[in-house]
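Coordinates as given in start.txt (compact mmCIF, N, CA and C atoms):
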```
# COMPACT_ATOMS: atom_id res chain seq x y z
N MET J 153 59.03 -3.64 212.33
CA MET J 153 60.14 -3.96 211.47
C MET J 153 60.28 -5.48 211.43
N ASN J 154 60.87 -5.98 210.36
CA ASN J 154 61.03 -7.43 210.26
C ASN J 154 62.51 -7.80 210.34
N LEU J 155 62.78 -9.08 210.31
CA LEU J 155 64.12 -9.58 210.55
C LEU J 155 65.13 -9.15 209.48
N THR J 156 64.67 -8.83 208.29
CA THR J 156 65.59 -8.38 207.24
C THR J 156 66.21 -7.03 207.58
N ASP J 157 65.59 -6.27 208.48
CA ASP J 157 66.10 -4.96 208.89
C ASP J 157 66.99 -5.02 210.13
N ALA J 158 67.15 -6.19 210.70
CA ALA J 158 67.88 -6.35 211.97
C ALA J 158 69.39 -6.17 211.77
N GLN J 159 70.04 -5.69 212.82
CA GLN J 159 71.49 -5.57 212.83
C GLN J 159 72.10 -6.90 213.25
N GLU J 160 73.24 -7.22 212.67
CA GLU J 160 73.94 -8.44 213.04
C GLU J 160 74.43 -8.34 214.49
N GLY J 161 74.27 -9.43 215.23
CA GLY J 161 74.79 -9.51 216.58
C GLY J 161 73.90 -8.92 217.66
N LYS J 162 72.83 -8.26 217.29
CA LYS J 162 71.93 -7.65 218.28
C LYS J 162 70.73 -8.57 218.51
N GLU J 163 70.39 -8.77 219.79
CA GLU J 163 69.25 -9.63 220.12
C GLU J 163 67.95 -8.85 220.03
N TYR J 164 66.96 -9.46 219.41
CA TYR J 164 65.62 -8.88 219.27
C TYR J 164 64.60 -9.86 219.84
N ILE J 165 63.42 -9.37 220.12
CA ILE J 165 62.32 -10.22 220.58
C ILE J 165 61.32 -10.35 219.43
N VAL J 166 60.92 -11.58 219.13
CA VAL J 166 59.95 -11.83 218.07
C VAL J 166 58.60 -11.27 218.53
N GLN J 167 58.03 -10.37 217.72
CA GLN J 167 56.73 -9.79 218.03
C GLN J 167 55.59 -10.57 217.39
N GLY J 168 55.90 -11.28 216.32
CA GLY J 168 54.88 -12.07 215.64
C GLY J 168 55.38 -12.59 214.31
N ILE J 169 54.56 -13.42 213.69
CA ILE J 169 54.86 -13.98 212.38
C ILE J 169 53.77 -13.49 211.43
N GLU J 170 54.17 -12.87 210.35
CA GLU J 170 53.22 -12.30 209.39
C GLU J 170 53.17 -13.16 208.14
N THR J 171 52.32 -14.19 208.17
CA THR J 171 52.15 -15.06 207.01
C THR J 171 50.78 -15.72 207.06
N ASP J 172 50.26 -16.04 205.89
CA ASP J 172 49.00 -16.79 205.79
C ASP J 172 49.28 -18.27 205.56
N ASP J 173 50.54 -18.62 205.39
CA ASP J 173 50.95 -19.99 205.12
C ASP J 173 51.07 -20.76 206.44
N GLU J 174 50.16 -21.69 206.68
CA GLU J 174 50.16 -22.45 207.93
C GLU J 174 51.39 -23.34 208.05
N ASP J 175 51.89 -23.88 206.92
CA ASP J 175 53.09 -24.72 206.95
C ASP J 175 54.30 -23.91 207.39
N LEU J 176 54.41 -22.69 206.88
CA LEU J 176 55.51 -21.82 207.26
C LEU J 176 55.42 -21.46 208.74
N ASN J 177 54.24 -21.18 209.20
CA ASN J 177 54.02 -20.86 210.60
C ASN J 177 54.40 -22.05 211.49
N ALA J 178 54.00 -23.24 211.10
CA ALA J 178 54.32 -24.44 211.86
C ALA J 178 55.82 -24.71 211.85
N PHE J 179 56.48 -24.46 210.72
CA PHE J 179 57.92 -24.66 210.61
C PHE J 179 58.66 -23.73 211.56
N LEU J 180 58.30 -22.46 211.56
CA LEU J 180 58.94 -21.50 212.45
C LEU J 180 58.69 -21.85 213.91
N PHE J 181 57.49 -22.30 214.21
CA PHE J 181 57.18 -22.70 215.59
C PHE J 181 58.04 -23.88 216.00
N SER J 182 58.29 -24.83 215.09
CA SER J 182 59.12 -26.00 215.41
C SER J 182 60.57 -25.60 215.68
N LEU J 183 61.02 -24.47 215.10
CA LEU J 183 62.36 -23.96 215.36
C LEU J 183 62.44 -23.21 216.69
N GLY J 184 61.27 -22.89 217.26
CA GLY J 184 61.24 -22.11 218.49
C GLY J 184 61.07 -20.63 218.21
N CYS J 185 60.68 -20.29 217.00
CA CYS J 185 60.51 -18.90 216.60
C CYS J 185 59.03 -18.52 216.71
N TYR J 186 58.67 -17.91 217.83
CA TYR J 186 57.29 -17.45 218.04
C TYR J 186 57.32 -16.24 218.96
N SER J 187 56.21 -15.58 219.11
CA SER J 187 56.13 -14.33 219.87
C SER J 187 56.73 -14.47 221.25
N GLY J 188 57.55 -13.46 221.61
CA GLY J 188 58.16 -13.42 222.93
C GLY J 188 59.53 -14.06 223.02
N GLU J 189 59.96 -14.76 221.98
CA GLU J 189 61.25 -15.44 222.01
C GLU J 189 62.35 -14.54 221.47
N PRO J 190 63.55 -14.60 222.06
CA PRO J 190 64.67 -13.82 221.52
C PRO J 190 65.22 -14.45 220.24
N ILE J 191 65.68 -13.59 219.33
CA ILE J 191 66.28 -14.04 218.08
C ILE J 191 67.42 -13.09 217.74
N THR J 192 68.50 -13.62 217.19
CA THR J 192 69.67 -12.82 216.84
C THR J 192 70.11 -13.17 215.43
N VAL J 193 70.37 -12.15 214.61
CA VAL J 193 70.96 -12.38 213.29
C VAL J 193 72.47 -12.51 213.50
N VAL J 194 73.00 -13.70 213.23
CA VAL J 194 74.42 -13.97 213.42
C VAL J 194 75.22 -13.41 212.25
N SER J 195 74.75 -13.67 211.02
CA SER J 195 75.43 -13.15 209.84
C SER J 195 74.47 -13.11 208.67
N ARG J 196 74.84 -12.33 207.67
CA ARG J 196 74.05 -12.22 206.45
C ARG J 196 74.82 -12.82 205.29
N LEU J 197 74.12 -13.56 204.47
CA LEU J 197 74.70 -14.12 203.27
C LEU J 197 74.04 -13.45 202.07
N ASN J 198 74.27 -13.95 200.88
CA ASN J 198 73.76 -13.31 199.67
C ASN J 198 72.24 -13.12 199.70
N LYS J 199 71.48 -14.20 199.79
CA LYS J 199 70.02 -14.09 199.79
C LYS J 199 69.42 -14.75 201.01
N SER J 200 70.19 -14.80 202.09
CA SER J 200 69.72 -15.43 203.31
C SER J 200 70.46 -14.87 204.51
N CYS J 201 70.09 -15.34 205.68
CA CYS J 201 70.80 -14.94 206.89
C CYS J 201 70.83 -16.10 207.87
N VAL J 202 71.83 -16.10 208.72
CA VAL J 202 71.97 -17.10 209.77
C VAL J 202 71.44 -16.48 211.06
N VAL J 203 70.49 -17.16 211.68
CA VAL J 203 69.89 -16.65 212.91
C VAL J 203 70.11 -17.63 214.05
N SER J 204 70.14 -17.08 215.24
CA SER J 204 70.25 -17.89 216.44
C SER J 204 68.92 -17.81 217.19
N ILE J 205 68.30 -18.98 217.37
CA ILE J 205 67.04 -19.09 218.10
C ILE J 205 67.25 -20.15 219.17
N LYS J 206 67.02 -19.79 220.41
CA LYS J 206 67.28 -20.67 221.54
C LYS J 206 68.72 -21.15 221.46
N ASP J 207 68.98 -22.46 221.38
CA ASP J 207 70.35 -22.97 221.33
C ASP J 207 70.78 -23.38 219.93
N GLY J 208 69.99 -23.05 218.92
CA GLY J 208 70.31 -23.48 217.56
C GLY J 208 70.59 -22.32 216.63
N ARG J 209 71.31 -22.64 215.55
CA ARG J 209 71.55 -21.66 214.49
C ARG J 209 70.95 -22.20 213.20
N TYR J 210 70.26 -21.32 212.48
CA TYR J 210 69.55 -21.74 211.28
C TYR J 210 69.82 -20.75 210.15
N ASN J 211 69.90 -21.28 208.95
CA ASN J 211 70.04 -20.45 207.76
C ASN J 211 68.65 -20.30 207.15
N ILE J 212 68.14 -19.07 207.11
CA ILE J 212 66.81 -18.84 206.54
C ILE J 212 66.92 -17.84 205.40
N ASP J 213 66.06 -18.01 204.40
CA ASP J 213 66.12 -17.09 203.26
C ASP J 213 65.42 -15.78 203.60
N ASN J 214 65.63 -14.78 202.75
CA ASN J 214 65.10 -13.45 203.03
C ASN J 214 63.57 -13.41 203.02
N GLN J 215 62.94 -14.27 202.24
CA GLN J 215 61.47 -14.31 202.22
C GLN J 215 60.94 -14.76 203.59
N LEU J 216 61.57 -15.75 204.17
CA LEU J 216 61.19 -16.23 205.49
C LEU J 216 61.53 -15.18 206.55
N ALA J 217 62.67 -14.55 206.43
CA ALA J 217 63.08 -13.52 207.39
C ALA J 217 62.12 -12.33 207.37
N SER J 218 61.59 -12.01 206.21
CA SER J 218 60.66 -10.87 206.13
C SER J 218 59.33 -11.15 206.81
N ALA J 219 59.01 -12.42 207.05
CA ALA J 219 57.75 -12.78 207.73
C ALA J 219 57.88 -12.69 209.25
N ILE J 220 59.11 -12.60 209.76
CA ILE J 220 59.34 -12.57 211.20
C ILE J 220 59.41 -11.12 211.66
N LEU J 221 58.43 -10.70 212.44
CA LEU J 221 58.36 -9.33 212.94
C LEU J 221 59.10 -9.23 214.27
N ILE J 222 59.94 -8.18 214.39
CA ILE J 222 60.70 -7.99 215.63
C ILE J 222 60.42 -6.62 216.20
```

Write out the structure in this file as structure tokens.
Amino acid sequence: MNLTDAQEGKEYIVQGIETDDEDLNAFLFSLGCYSGEPITVVSRLNKSCVVSIKDGRYNIDNQLASAILI
């Protein structure tokens, strides 16, 4: 399942990133989003969601969220 299917407020572990885009992969890695790391969907907005990774909160769009496997 990917991050778009996640429940708000529940912590998940990132299982992997499903993308062929190296820039997107590098961007997620710079946020601390990689296999084995906990991630939580804080809230959902219209076409995006706010996630908590490590000590930061980030607003990511649904296309990016769908690439994050949990």

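As for CA of Asn198 in chain J and CA of Ala178 in chain J, they are spaced 25.5 Å apart.
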
Practice prompt. Please provide as a ChimeraX atom specification all residues within 6 Å of Lys162 in chain J, with the sequence filter that same-chain residues fewer than 4 positions apart are discarded (counting only N, CA and C atoms).
Written response: /J:191-193

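Of the residues under consideration (J:Val194, J:Lys199, J:Leu221, J:Asp213), J:Leu221 shows the shortest atom-to-atom contact distance to Val166 in chain J when counting all atoms listed in the file.
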
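The gap separating CA of Gln159 in chain J from CA of Ile222 in chain J is 11.4 Å, in Å to one decimal.
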
Discussion item. Ranking J:Phe181, J:Ser187, J:Leu155, J:Ser200 by minimum distance to Gly168 in chain J and counting only N, CA and C atoms, which one comes first?
Written reply: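 Among the listed residues, J:Ser187 lies closest to Gly168 in chain J.
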
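Here the DSSP assignment of strand (DSSP E), based on backbone atoms, applies within chain J to Glu163, Tyr164, Ile165, Gly168, Ile169, Pro190, Ile191, Thr192, Val193, Val194, Ser195, Arg196, Ser200, Cys201, Val202, Val203, Ser204, Ile205, Gly208, Arg209, Tyr210, Asn211, Ile212, Asp213, Ile220 and Leu221 of chain J.
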
Within 7 Å of Lys206 in chain J using all atoms listed in the file, minus same-chain residues under 3 positions, as a PDB file with N, CA and C atoms, keeping the file's coordinate frame:
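Resulting contents of part.pdb:
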```pdb
ATOM      1  N   LEU J 183      61.020 -24.470 215.100  1.00  0.00           N
ATOM      2  CA  LEU J 183      62.360 -23.960 215.360  1.00  0.00           C
ATOM      3  C   LEU J 183      62.440 -23.210 216.690  1.00  0.00           C
ATOM      4  N   GLY J 184      61.270 -22.890 217.260  1.00  0.00           N
ATOM      5  CA  GLY J 184      61.240 -22.110 218.490  1.00  0.00           C
ATOM      6  C   GLY J 184      61.070 -20.630 218.210  1.00  0.00           C
ATOM      7  N   PRO J 190      63.550 -14.600 222.060  1.00  0.00           N
ATOM      8  CA  PRO J 190      64.670 -13.820 221.520  1.00  0.00           C
ATOM      9  C   PRO J 190      65.220 -14.450 220.240  1.00  0.00           C
ATOM     10  N   ILE J 191      65.680 -13.590 219.330  1.00  0.00           N
ATOM     11  CA  ILE J 191      66.280 -14.040 218.080  1.00  0.00           C
ATOM     12  C   ILE J 191      67.420 -13.090 217.740  1.00  0.00           C
ATOM     13  N   ARG J 209      71.310 -22.640 215.550  1.00  0.00           N
ATOM     14  CA  ARG J 209      71.550 -21.660 214.490  1.00  0.00           C
ATOM     15  C   ARG J 209      70.950 -22.200 213.200  1.00  0.00           C
TER      16      ARG J 209
END
```

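Using only C-alpha atoms, the contacts of Asp172 in chain J at a cut-off of 10 Å, with sequence neighbours closer than 4 positions omitted, comprise Leu176, Asn177 and Ala219 of chain J.
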
Practice prompt. Select from chain J everything DSSP, run on the backbone, classes as helix (DSSP H, G or I), then give the selection as a list of chain:residue names.
Written response: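 The helix (DSSP H, G or I) residues within chain J come out as J:Leu155, J:Thr156, J:Asp157, J:Glu174, J:Asp175, J:Leu176, J:Asn177, J:Ala178, J:Phe179, J:Leu180, J:Phe181, J:Ser182, J:Leu183, J:Asn214, J:Gln215, J:Leu216, J:Ala217, J:Ser218, J:Ala219.
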
Discussion item. Using Å and a single decimal, report how far atom C of Tyr164 in chain J sits from atom C of Arg196 in chain J.
Written reply: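 Value for the atom C of Arg196 in chain J-atom C of Tyr164 in chain J distance: 18.0 Å.
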
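When the distance limit is 8 Å and only N, CA and C atoms are what count, the residues near Ser218 in chain J, minus those fewer than 4 positions from it on the same chain, are Met153, Asn154, Leu155, Thr156, Asp157, Ile169, Glu170, Thr171, Ile212, Asp213 and Asn214 of chain J.
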
Fill in: Nearest-residue call for Ile205 in chain J, choices J:Cys185, J:Ile165, J:Glu174, J:Ala158, using only N, CA and C atoms
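Using only N, CA and C atoms, Ile205 in chain J sits closest to J:Cys185.
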
Quick one: 5 Å padding each side, axis-aligned, all listed atoms of range 154-171 of chain J - centre and edge lengths in Å to one decimal, as JSON?
```
{"center_x": 62.8, "center_y": -10.3, "center_z": 213.8, "size_x": 34.0, "size_y": 20.8, "size_z": 23.6}
```
